[in-house]
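Student: This is structure35.cif (mmCIF, C-alpha atoms).
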data_final
loop_
_atom_site.label_atom_id
_atom_site.label_comp_id
_atom_site.auth_asym_id
_atom_site.auth_seq_id
_atom_site.Cartn_x
_atom_site.Cartn_y
_atom_site.Cartn_z
CA MET L 1 40.95 67.93 -13.70
CA LYS L 2 43.14 65.01 -14.74
CA SER L 3 40.87 62.50 -13.02
CA ALA L 4 37.80 64.10 -14.65
CA ARG L 5 39.39 63.70 -18.09
CA LEU L 6 40.10 60.05 -17.39
CA ALA L 7 36.50 59.58 -16.32
CA ILE L 8 35.00 60.97 -19.50
CA ARG L 9 37.55 59.55 -21.95
CA PRO L 10 35.61 56.32 -22.62
CA LEU L 11 32.71 58.43 -23.84
CA ALA L 12 34.85 59.75 -26.68
CA THR L 13 35.72 56.34 -28.04
CA PRO L 14 33.77 55.11 -31.09
CA LEU L 15 30.70 53.16 -30.11
CA PHE L 16 29.96 49.83 -31.74
CA ARG L 17 26.84 48.36 -30.27
CA PRO L 18 26.89 44.57 -30.32
CA SER L 19 23.69 42.97 -31.50
CA TYR L 20 22.16 42.27 -28.10
CA GLY L 21 18.92 43.60 -29.53
CA ARG L 22 16.28 41.78 -31.42
CA CYS L 23 12.84 42.13 -32.89
CA ASN L 24 10.39 40.35 -30.63
CA ASN L 25 9.15 36.98 -31.86
CA ILE L 26 12.10 36.12 -34.10
CA ARG L 27 11.80 32.43 -33.43
CA PRO L 28 13.99 29.46 -34.31
CA PHE L 29 13.44 28.44 -37.91
CA THR L 30 11.38 25.48 -38.94
CA THR L 31 10.95 23.67 -42.19
CA ALA L 32 7.86 23.87 -44.34
CA GLY L 33 7.03 20.34 -43.27
CA SER L 34 7.08 21.10 -39.58
CA ARG L 35 5.15 24.32 -40.05
CA ALA L 36 2.50 23.27 -42.55
CA SER L 37 -0.16 25.77 -43.53
CA PRO L 38 -3.47 25.04 -45.26
CA PRO L 39 -3.97 26.41 -48.77
CA ALA L 40 -4.85 30.08 -49.01
CA ALA L 41 -8.22 29.35 -50.59
CA ALA L 42 -9.19 27.09 -47.67
CA VAL L 43 -8.07 29.17 -44.71
CA GLU L 44 -9.77 31.94 -42.88
CA ILE L 45 -7.39 34.87 -42.71
CA GLN L 46 -6.58 35.46 -39.06
CA PRO L 47 -6.10 38.90 -37.51
CA GLN L 48 -2.48 39.98 -37.65
CA GLN L 49 -0.74 39.54 -34.34
CA PRO L 50 1.78 42.26 -33.59
CA ASP L 51 5.27 40.78 -33.38
CA HIS L 52 6.75 43.76 -31.61
CA SER L 53 6.03 46.03 -28.69
CA PRO L 54 5.70 49.79 -29.22
CA PHE L 55 9.02 50.27 -27.43
CA PRO L 56 10.93 46.98 -27.87
CA VAL L 57 13.47 46.22 -25.19
CA PRO L 58 16.71 44.85 -26.67
CA VAL L 59 17.40 41.28 -25.60
CA SER L 60 19.62 38.60 -27.04
CA ILE L 61 18.65 36.78 -30.23
CA PRO L 62 18.65 33.00 -29.86
CA LEU L 63 20.57 31.30 -32.62
CA GLY L 64 18.80 28.35 -34.16
CA SER L 65 20.28 25.09 -35.32
CA THR L 66 20.00 25.67 -39.07
CA SER L 67 23.67 26.54 -39.54
CA ARG L 68 26.14 23.68 -39.73
CA ARG L 69 29.08 25.83 -38.83
CA GLU L 70 29.55 27.33 -35.39
CA ALA L 71 28.03 30.80 -35.27
CA PRO L 72 30.30 33.73 -34.41
CA PRO L 73 29.32 36.20 -31.67
CA THR L 74 26.46 38.47 -32.65
CA ALA L 75 28.60 41.62 -32.72
CA GLN L 76 31.06 39.91 -35.08
CA ILE L 77 28.29 38.90 -37.49
CA LEU L 78 27.27 42.52 -38.08
CA ARG L 79 30.86 43.76 -38.08
CA ASP L 80 31.83 41.27 -40.79
CA ALA L 81 28.73 42.04 -42.84
CA VAL L 82 29.27 45.79 -42.75
CA SER L 83 32.97 45.54 -43.63
CA ALA L 84 32.40 43.30 -46.68
CA THR L 85 33.85 44.52 -49.96
CA ARG L 86 31.78 42.32 -52.26
CA PRO L 87 28.44 40.47 -52.13
CA ARG L 88 28.18 36.97 -50.67
CA ASN L 89 25.34 34.50 -51.10
CA ASN L 90 26.04 31.95 -48.37
CA TRP L 91 24.17 33.74 -45.58
CA THR L 92 22.55 31.62 -42.89
CA ARG L 93 19.15 32.50 -41.52
CA ASP L 94 20.61 32.98 -38.08
CA GLU L 95 23.12 35.50 -39.39
CA ILE L 96 20.35 37.45 -41.11
CA ALA L 97 18.19 37.27 -37.97
CA THR L 98 21.04 38.72 -35.95
CA ILE L 99 21.42 41.63 -38.36
CA TYR L 100 17.66 42.18 -38.65
CA GLY L 101 17.27 42.27 -34.87
CA HIS L 102 20.07 44.76 -34.23
CA PRO L 103 19.00 48.00 -32.46
CA LEU L 104 17.20 49.93 -35.17
CA MET L 105 18.98 53.29 -35.15
CA ASP L 106 22.40 51.66 -35.34
CA LEU L 107 21.14 49.19 -37.95
CA VAL L 108 20.13 52.11 -40.17
CA HIS L 109 23.51 53.76 -39.56
CA GLN L 110 25.44 50.60 -40.45
CA ALA L 111 23.31 50.07 -43.56
CA SER L 112 24.00 53.65 -44.58
CA GLN L 113 27.73 53.01 -44.41
CA VAL L 114 27.39 49.97 -46.69
CA HIS L 115 25.16 51.94 -49.06
CA ARG L 116 27.73 54.71 -49.41
CA ARG L 117 30.46 52.20 -50.16
CA PHE L 118 28.55 50.51 -53.01
CA HIS L 119 26.30 53.28 -54.36
CA ASN L 120 26.05 57.02 -54.82
CA PRO L 121 23.74 57.87 -51.88
CA SER L 122 22.26 60.90 -53.65
CA GLU L 123 20.93 58.84 -56.59
CA VAL L 124 17.50 57.23 -56.60
CA GLN L 125 16.10 55.37 -59.60
CA LEU L 126 12.67 56.51 -60.81
CA CYS L 127 10.54 53.66 -62.17
CA THR L 128 7.06 53.76 -63.65
CA LEU L 129 4.80 50.70 -63.69
CA MET L 130 1.94 50.28 -66.16
CA ASN L 131 -0.64 47.53 -66.19
CA ILE L 132 -0.85 46.43 -69.81
CA LYS L 133 -3.89 44.18 -69.35
CA LEU L 134 -6.98 46.37 -69.25
CA GLU L 135 -9.90 45.75 -66.92
CA SER L 136 -13.12 47.59 -66.16
CA ASN L 137 -15.27 47.91 -63.06
CA ARG L 138 -18.77 46.55 -63.55
CA THR L 139 -20.44 49.17 -61.40
CA ASN L 140 -18.65 52.17 -62.92
CA PRO L 141 -16.71 51.31 -66.10
CA ASP L 142 -15.93 54.97 -66.86
CA SER L 143 -14.37 55.79 -63.48
CA PHE L 144 -10.64 56.38 -63.75
CA ARG L 145 -10.33 56.17 -59.97
CA LEU L 146 -11.34 52.52 -59.88
CA PRO L 147 -8.85 49.74 -60.65
CA LYS L 148 -8.52 48.77 -64.29
CA THR L 149 -6.69 45.47 -63.88
CA GLY L 150 -7.44 41.82 -63.06
CA GLY L 151 -8.39 38.44 -64.51
CA CYS L 152 -5.71 36.17 -63.04
CA THR L 153 -6.52 32.55 -62.13
CA GLU L 154 -4.23 32.54 -59.08
CA ASP L 155 -5.54 32.87 -55.50
CA CYS L 156 -2.98 35.28 -54.03
CA ALA L 157 -4.88 36.53 -50.99
CA TYR L 158 -3.66 40.12 -51.38
CA CYS L 159 -4.39 40.63 -55.07
CA ALA L 160 -7.38 42.45 -56.57
CA GLN L 161 -6.49 41.02 -59.98
CA ALA L 162 -7.52 37.47 -59.01
CA THR L 163 -10.60 36.31 -60.90
CA ARG L 164 -11.97 34.45 -57.89
CA TYR L 165 -12.30 37.71 -55.94
CA ARG L 166 -14.14 39.46 -58.78
CA LYS L 167 -17.44 39.59 -56.90
CA GLY L 168 -15.84 41.55 -54.07
CA THR L 169 -13.57 43.79 -56.14
CA GLY L 170 -15.95 44.35 -59.07
CA LEU L 171 -13.31 43.85 -61.75
CA GLU L 172 -13.77 42.28 -65.16
CA ALA L 173 -10.96 41.33 -67.52
CA LYS L 174 -10.43 43.07 -70.85
CA LYS L 175 -7.87 42.81 -73.63
CA VAL L 176 -4.18 43.71 -73.58
CA GLU L 177 -3.17 47.33 -74.25
CA THR L 178 -1.94 48.19 -77.73
CA VAL L 179 1.76 48.65 -78.37
CA GLU L 180 1.28 52.32 -79.22
CA SER L 181 -0.70 53.11 -76.06
CA VAL L 182 2.04 51.54 -73.95
CA LEU L 183 4.79 53.45 -75.74
CA ALA L 184 2.82 56.69 -75.32
CA ALA L 185 2.78 56.04 -71.57
CA ALA L 186 6.51 55.26 -71.66
CA ARG L 187 7.25 58.55 -73.41
CA ALA L 188 5.26 60.42 -70.77
CA ALA L 189 7.17 58.61 -68.02
CA LYS L 190 10.50 59.49 -69.60
CA ALA L 191 9.47 63.13 -69.96
CA ASN L 192 8.79 63.17 -66.22
CA GLY L 193 12.18 61.72 -65.31
CA SER L 194 11.55 57.97 -65.08
CA THR L 195 14.39 55.84 -66.41
CA ARG L 196 12.85 52.37 -66.02
CA PHE L 197 9.46 51.49 -67.50
CA CYS L 198 7.81 48.37 -66.11
CA MET L 199 4.90 46.54 -67.76
CA GLY L 200 2.69 44.10 -65.87
CA ALA L 201 -0.05 41.68 -66.90
CA ALA L 202 -2.31 39.69 -64.55
CA TRP L 203 -1.51 36.19 -65.79
CA ARG L 204 -0.53 32.97 -64.08
CA ASP L 205 1.87 32.15 -66.90
CA MET L 206 2.51 32.71 -70.62
CA ARG L 207 1.32 29.35 -71.95
CA GLY L 208 -0.82 29.78 -75.07
CA ARG L 209 -0.06 33.49 -75.30
CA LYS L 210 2.20 33.63 -78.36
CA ASN L 211 0.49 36.67 -79.83
CA SER L 212 0.63 38.49 -76.50
CA LEU L 213 4.30 37.63 -76.14
CA ARG L 214 4.98 39.03 -79.62
CA ASN L 215 3.19 42.27 -78.74
CA ILE L 216 5.04 42.54 -75.45
CA SER L 217 8.33 42.00 -77.26
CA ASP L 218 7.42 44.95 -79.51
CA MET L 219 6.66 47.01 -76.42
CA ILE L 220 10.05 46.13 -74.98
CA ARG L 221 11.84 47.13 -78.18
CA GLY L 222 9.93 50.40 -78.23
CA VAL L 223 10.79 51.21 -74.61
CA ARG L 224 14.46 50.43 -75.20
CA ALA L 225 14.43 52.66 -78.31
CA LEU L 226 13.47 55.52 -75.99
CA GLY L 227 16.68 54.96 -74.04
CA MET L 228 14.84 53.54 -71.05
CA GLU L 229 15.30 50.31 -69.12
CA ALA L 230 12.48 47.84 -69.78
CA CYS L 231 11.03 45.51 -67.16
CA VAL L 232 8.04 43.16 -67.32
CA THR L 233 6.13 40.99 -64.87
CA LEU L 234 4.04 38.35 -66.63
CA GLY L 235 3.80 35.48 -64.16
CA MET L 236 5.64 32.23 -64.72
CA ILE L 237 7.71 31.84 -67.88
CA ASP L 238 9.73 28.96 -69.29
CA ALA L 239 13.26 28.96 -70.67
CA GLU L 240 12.24 29.60 -74.29
CA GLN L 241 9.99 32.52 -73.37
CA ALA L 242 12.81 34.01 -71.30
CA LYS L 243 15.12 33.78 -74.30
CA GLU L 244 12.52 35.51 -76.50
CA LEU L 245 12.22 38.35 -74.01
CA LYS L 246 15.99 38.64 -73.84
CA ALA L 247 16.17 38.85 -77.64
CA ALA L 248 13.69 41.73 -77.53
CA GLY L 249 16.09 43.62 -75.24
CA LEU L 250 14.41 43.11 -71.85
CA THR L 251 16.42 44.66 -69.02
CA ALA L 252 14.79 42.98 -66.03
CA TYR L 253 12.05 40.51 -65.18
CA ASN L 254 10.07 40.93 -61.97
CA HIS L 255 8.82 37.85 -60.16
CA ASN L 256 8.47 38.31 -56.40
CA VAL L 257 8.79 35.43 -53.95
CA ASP L 258 6.48 37.45 -51.66
CA THR L 259 7.43 36.03 -48.24
CA SER L 260 9.22 33.15 -46.53
CA ARG L 261 8.90 29.61 -47.81
CA GLU L 262 7.19 28.61 -44.55
CA PHE L 263 4.51 31.33 -44.56
CA TYR L 264 3.91 31.28 -48.31
CA PRO L 265 1.19 28.53 -48.30
CA SER L 266 -0.91 30.70 -45.98
CA VAL L 267 -1.20 33.30 -48.73
CA ILE L 268 -1.07 31.39 -52.05
CA SER L 269 -2.04 27.81 -52.94
CA THR L 270 -2.18 27.84 -56.75
CA ARG L 271 1.54 28.33 -57.36
CA THR L 272 4.36 26.82 -55.33
CA TYR L 273 7.39 28.57 -53.94
CA ASP L 274 9.64 26.39 -56.05
CA GLU L 275 7.74 27.35 -59.21
CA ARG L 276 8.56 30.97 -58.44
CA LEU L 277 12.22 30.10 -57.97
CA GLN L 278 12.18 28.10 -61.21
CA THR L 279 10.98 31.16 -63.13
CA LEU L 280 13.80 33.22 -61.59
CA GLY L 281 16.21 30.52 -62.78
CA HIS L 282 14.93 30.77 -66.36
CA VAL L 283 15.28 34.56 -66.23
CA ARG L 284 18.79 34.38 -64.85
CA ASP L 285 19.89 31.71 -67.35
CA ALA L 286 18.64 33.87 -70.24
CA GLY L 287 20.88 36.72 -69.12
CA ILE L 288 18.03 38.97 -67.93
CA ASN L 289 18.36 40.87 -64.65
CA VAL L 290 16.30 39.37 -61.85
CA CYS L 291 13.94 41.67 -59.94
CA SER L 292 12.49 39.83 -56.95
CA GLY L 293 11.26 41.00 -53.57
CA GLY L 294 8.38 40.61 -51.18
CA ILE L 295 5.29 42.02 -49.52
CA LEU L 296 5.23 43.00 -45.86
CA GLY L 297 2.04 43.02 -43.82
CA LEU L 298 0.50 39.74 -45.02
CA GLY L 299 0.26 38.51 -41.44
CA GLU L 300 3.83 37.24 -41.34
CA THR L 301 6.21 37.56 -38.40
CA SER L 302 9.73 38.93 -38.21
CA THR L 303 10.98 35.38 -38.71
CA ASP L 304 9.18 35.25 -42.06
CA ARG L 305 10.69 38.56 -43.13
CA VAL L 306 14.10 37.12 -42.29
CA GLY L 307 13.14 34.03 -44.33
CA LEU L 308 12.26 36.22 -47.32
CA LEU L 309 15.62 37.97 -47.08
CA HIS L 310 17.39 34.61 -46.80
CA THR L 311 15.72 33.31 -49.97
CA VAL L 312 16.75 36.22 -52.18
CA SER L 313 20.22 36.71 -50.65
CA THR L 314 21.16 33.06 -51.23
CA LEU L 315 20.14 32.89 -54.89
CA PRO L 316 23.06 31.95 -57.20
CA THR L 317 23.49 35.69 -57.80
CA HIS L 318 21.76 38.45 -55.90
CA PRO L 319 18.77 40.01 -57.66
CA GLU L 320 19.59 43.18 -59.56
CA SER L 321 16.72 44.81 -57.69
CA PHE L 322 14.76 43.97 -54.55
CA PRO L 323 11.31 45.60 -54.32
CA VAL L 324 9.95 46.03 -50.79
CA ASN L 325 6.16 46.30 -50.82
CA ALA L 326 3.90 47.20 -47.92
CA LEU L 327 0.54 45.53 -48.33
CA VAL L 328 -2.16 47.90 -49.54
CA PRO L 329 -5.34 46.16 -48.36
CA ILE L 330 -7.98 46.05 -51.12
CA LYS L 331 -11.60 45.44 -50.21
CA GLY L 332 -12.97 42.23 -51.62
CA THR L 333 -9.73 40.27 -51.19
CA PRO L 334 -9.06 37.94 -48.24
CA LEU L 335 -6.54 40.43 -46.88
CA GLY L 336 -8.74 43.45 -47.53
CA ASP L 337 -9.15 44.23 -43.82
CA ARG L 338 -5.53 43.72 -42.80
CA GLU L 339 -3.99 46.41 -40.61
CA PRO L 340 -1.02 48.25 -42.20
CA ILE L 341 2.46 46.97 -41.41
CA ASP L 342 4.36 49.08 -38.91
CA PHE L 343 7.00 51.32 -40.45
CA THR L 344 9.83 49.96 -38.31
CA SER L 345 9.42 46.53 -39.95
CA MET L 346 9.66 48.17 -43.37
CA LEU L 347 12.77 50.08 -42.29
CA ARG L 348 14.43 47.00 -40.76
CA THR L 349 13.81 45.00 -43.91
CA ILE L 350 15.31 47.69 -46.14
CA ALA L 351 18.36 48.17 -43.90
CA THR L 352 19.00 44.44 -43.62
CA ALA L 353 18.59 43.98 -47.37
CA ARG L 354 21.15 46.71 -47.99
CA ILE L 355 23.70 45.06 -45.68
CA ILE L 356 23.33 41.50 -46.97
CA MET L 357 22.88 42.46 -50.65
CA PRO L 358 25.16 45.49 -50.93
CA SER L 359 25.16 45.81 -54.74
CA THR L 360 21.42 45.30 -55.23
CA ILE L 361 19.06 48.18 -55.95
CA VAL L 362 16.52 48.26 -53.10
CA ARG L 363 13.20 49.63 -54.33
CA ILE L 364 10.39 51.08 -52.21
CA ALA L 365 7.34 49.77 -54.03
CA ALA L 366 3.67 49.54 -53.01
CA GLY L 367 2.67 51.38 -49.86
CA ARG L 368 4.96 54.39 -50.28
CA LYS L 369 1.89 56.58 -50.77
CA THR L 370 1.12 56.27 -47.06
CA MET L 371 4.66 57.23 -45.94
CA SER L 372 5.55 60.72 -44.86
CA GLU L 373 8.55 62.36 -46.51
CA GLU L 374 10.53 61.87 -43.32
CA LYS L 375 9.85 58.13 -43.36
CA GLN L 376 10.90 57.93 -46.98
CA ALA L 377 14.10 59.82 -46.15
CA LEU L 378 14.88 57.27 -43.44
CA CYS L 379 14.43 54.51 -46.02
CA PHE L 380 16.84 56.27 -48.39
CA MET L 381 19.33 56.64 -45.57
CA ALA L 382 18.98 52.92 -44.80
CA GLY L 383 19.85 52.00 -48.38
CA ALA L 384 16.73 52.26 -50.54
CA ASN L 385 17.69 53.75 -53.90
CA ALA L 386 14.70 53.25 -56.19
CA ILE L 387 11.00 54.13 -56.14
CA PHE L 388 7.92 53.72 -58.27
CA THR L 389 6.51 57.04 -59.39
CA GLY L 390 3.70 58.14 -61.70
CA GLU L 391 -0.05 57.80 -61.88
CA LYS L 392 -0.66 54.29 -60.55
CA MET L 393 0.99 51.04 -59.46
CA LEU L 394 -1.16 48.29 -60.97
CA THR L 395 -4.22 48.50 -58.66
CA THR L 396 -2.90 50.87 -55.98
CA GLU L 397 -2.26 54.58 -55.80
CA CYS L 398 1.24 55.91 -56.47
CA ASN L 399 3.12 59.08 -55.60
CA GLY L 400 3.08 61.46 -58.58
CA TRP L 401 6.05 62.75 -60.54
CA ASP L 402 5.64 66.36 -59.41
CA GLU L 403 5.38 65.30 -55.79
CA ASP L 404 8.57 63.25 -56.06
CA LYS L 405 10.45 66.01 -57.87
CA GLU L 406 9.69 68.38 -55.00
CA MET L 407 10.79 65.77 -52.48
CA PHE L 408 14.06 65.17 -54.36
CA ASP L 409 14.76 68.92 -54.35
CA ARG L 410 14.15 69.20 -50.62
CA TRP L 411 16.37 66.26 -49.71
CA GLY L 412 19.15 66.75 -52.25
CA LEU L 413 18.39 63.63 -54.29
CA GLU L 414 18.73 63.17 -58.03
CA PRO L 415 17.36 60.59 -60.50
CA MET L 416 19.60 57.67 -61.40
CA LYS L 417 20.38 57.49 -65.11
CA SER L 418 19.31 54.52 -67.23
CA PHE L 419 21.94 51.76 -67.48
CA ASP L 420 24.42 54.06 -65.75
CA LYS L 421 24.45 53.85 -61.98
CA SER L 422 27.10 56.29 -60.79
CA PRO L 423 29.98 54.93 -58.71
CA PRO L 424 30.02 55.79 -55.02
CA PRO L 425 31.71 59.12 -54.23
CA ALA L 426 35.43 58.97 -53.45
CA SER L 427 36.08 58.77 -49.73
#
Using structure tokens, write down the structure from this file.

Tutor:
Amino acid sequence: MKSARLAIRPLATPLFRPSYGRCNNIRPFTTAGSRASPPAAAVEIQPQQPDHSPFPVPVSIPLGSTSRREAPPTAQILRDAVSATRPRNNWTRDEIATIYGHPLMDLVHQASQVHRRFHNPSEVQLCTLMNIKLESNRTNPDSFRLPKTGGCTEDCAYCAQATRYRKGTGLEAKKVETVESVLAAARAAKANGSTRFCMGAAWRDMRGRKNSLRNISDMIRGVRALGMEACVTLGMIDAEQAKELKAAGLTAYNHNVDTSREFYPSVISTRTYDERLQTLGHVRDAGINVCSGGILGLGETSTDRVGLLHTVSTLPTHPESFPVNALVPIKGTPLGDREPIDFTSMLRTIATARIIMPSTIVRIAAGRKTMSEEKQALCFMAGANAIFTGEKMLTTECNGWDEDKEMFDRWGLEPMKSFDKSPPPAS
């Protein structure tokens, strides 16, 4: 009996799995110059190549040469990240790749531990997004099921709001919503439990839009008067426009970087990566919370998802919120026939974001409509603590308020209050 006890004793010791695992095709990092891509408007979108096997076999992750300091063992990288007591913004890409490639079940578990240390795990923020720039569909202008947004001069390959894809999507631009119609929608969102109201317009930038900016400022003031957080996404803005939005009481400004710097030119050619980062700088300098995330399923690889995470986690301060979107292919756009991203990539991205940006709100954005409740629950366990809810998300379908209320009841979740994220429960 004594020898049997000795034999099984190691099984009772806590298990910490070193990061010998990886996502297939995480490759050494290159610069934009060594990995040049033609402009989005000039390329033919290639079929997405799967960067994982259905049952990936854990193997070691090669560390690249991008870090100037000697890299610690892979197990130590995750151990240090999970034990952190405050955010850091000096992550290397190799460190993030090591975390991202860790065996998935343990990655989710480790992310859950970080989430519980920095947040109340039962709270999830409910956000509602309204497109404030009306559009109509030429073939059926009265159909509420068809998108009602568009008219942007950019060439983002995923976006139905781009003017250049109008022939395929059938959208035509209209005028901006009135202040009262927006506030009526905000009141409905609040009545259904949403605490953040987001307003989006399909514009490249705000140049020459002084009247629109004044109206949007009135919308912001009205939303704040309701006791809600106010967020807008209006394309690129300059320092003075950011200050004007701050004076109106804006809580957060959304401007996604979308993907890695290296893959970005394959998707967008009319706005540079650095222009996006410049807008985030204006927002941050004005004292507005930065909301910036990305889109998964554009044809990128795991390396590009790591690059996206590296960009946002090494900003001067971490974004207040990090939206994780799964591409919703829209017919008529260059990416309209793209296959959906696999859920494990979504889950890995959320879990890694939670570990490397522990204080940030991680928001499940576009694509949640296609997730089962069980998949959403895994995302919440991995550190997601915000969702979009309501009638629509710009041009894509959105889970409804009643549906989300029932889900919250089943899983023991509760809405996060405006401006008042609860502290994590006492251990």

Student: Find the residues around region 279-283 of chain L up to 12 Å (only C-alpha atoms counted), leave out those fewer than 4 positions away in its own chain, and share them as a ChimeraX atom specification.

Tutor: /L:204-206,231-246,250-257,271-275,287-293,311-312,315-320

Student: Contacts of Ile356 (chain L) at 8 Å or less, counting all atoms listed in the file, minus same-chain residues fewer than 5 places along, as a PDB file with C-alpha atoms, in the coordinates of the input?

Tutor:
ATOM      1  CA  ALA L  81      28.730  42.040 -42.840  1.00  0.00           C
ATOM      2  CA  PRO L  87      28.440  40.470 -52.130  1.00  0.00           C
ATOM      3  CA  ARG L  88      28.180  36.970 -50.670  1.00  0.00           C
ATOM      4  CA  TRP L  91      24.170  33.740 -45.580  1.00  0.00           C
ATOM      5  CA  ILE L  96      20.350  37.450 -41.110  1.00  0.00           C
ATOM      6  CA  SER L 313      20.220  36.710 -50.650  1.00  0.00           C
TER       7      SER L 313
END

Student: Name the residues within 10 Å of (13.9, 50.2, -69.8), counting only C-alpha atoms in the file's coordinates, and put them as a count of residues only.

Tutor: 29

Student: What gap, in Å, lies between CA of Glu123 (chain L) and CA of Ile77 (chain L)?

Tutor: 28.6 Å

Student: Near Arg305 (chain L), within 9 Å and counting only C-alpha atoms, which residues show up once chain neighbours fewer than 2 positions away are dropped, as a VMD selection string?

Tutor: chain L and resid 259 to 260 294 296 300 to 303 307 to 310 345 349

Student: Report the distance between CA of Cys398 (chain L) and CA of Gly367 (chain L) in Å, rounded to one decimal place.

Tutor: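 Taking CA of Cys398 (chain L) and CA of Gly367 (chain L), their separation equals 8.1 Å.
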
Student: Between L:Ala111, L:Leu213, L:Pro73, L:Val362, which is the closest to Asp94 (chain L) once you count only C-alpha atoms?

Tutor: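 Residue with the minimum atom-to-atom distance to Asp94 (chain L): L:Pro73.
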
Student: Output as JSON the centre and edge lengths (Å, one decimal) of the box along x, y and z of the file that holds every listed atom of region 194-199 of chain L after adding 6 Å on each side.

Tutor:
{"center_x": 9.6, "center_y": 52.3, "center_z": -66.4, "size_x": 21.5, "size_y": 23.4, "size_z": 14.7}

Student: Any idea what the distance is between CA of Ala188 (chain L) and CA of Gln376 (chain L)?

Tutor: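 Separation between CA of Ala188 (chain L) and CA of Gln376 (chain L): 24.6 Å.
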
Student: Rank nothing, just name the residue among L:Ile355, L:Ala191, L:Leu347, L:Ile99 nearest to Lys375 (chain L), using only C-alpha atoms.

Tutor: L:Leu347

Student: For a quick check of understanding, using all atoms listed in the file, which of L:Leu277, L:Ala366, L:Met357, L:Leu107 has the smallest distance to Asn90 (chain L)?

Tutor: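 Residue with the minimum atom-to-atom distance to Asn90 (chain L): L:Met357.
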
Student: In terms of the shortest atom-to-atom distance over all atoms listed in the file, which of L:Thr270, L:Ser212, L:Ser112, L:Asn385 is closest to Ala351 (chain L)?

Tutor: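 Checking each of L:Thr270, L:Ser212, L:Ser112, L:Asn385 against Ala351 (chain L), counting all atoms listed in the file, the winner is L:Ser112.
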
Student: Which residue is closest to Ala365 (chain L)? Choose from L:Pro340, L:Gly383, L:Ile350, L:Pro323 and count all atoms listed in the file.

Tutor: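 Using all atoms listed in the file, Ala365 (chain L) sits closest to L:Pro323.
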
Student: Need to verify the contact set: His115 (chain L), 10 Å, all atoms listed in the file, exclusion of same-chain residues closer than 6 positions in sequence. Can you return it as a PyMOL selection string?

Tutor: chain L and resi 82+109+121+351+354-355+357-361+380-385+424

Student: Identify which of the residues L:Val108, L:Leu298, L:Ile341, L:Leu413 lies closest to Thr370 (chain L), counting only C-alpha atoms when measuring atom-to-atom distances.

Tutor: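 Using only C-alpha atoms, Thr370 (chain L) sits closest to L:Ile341.
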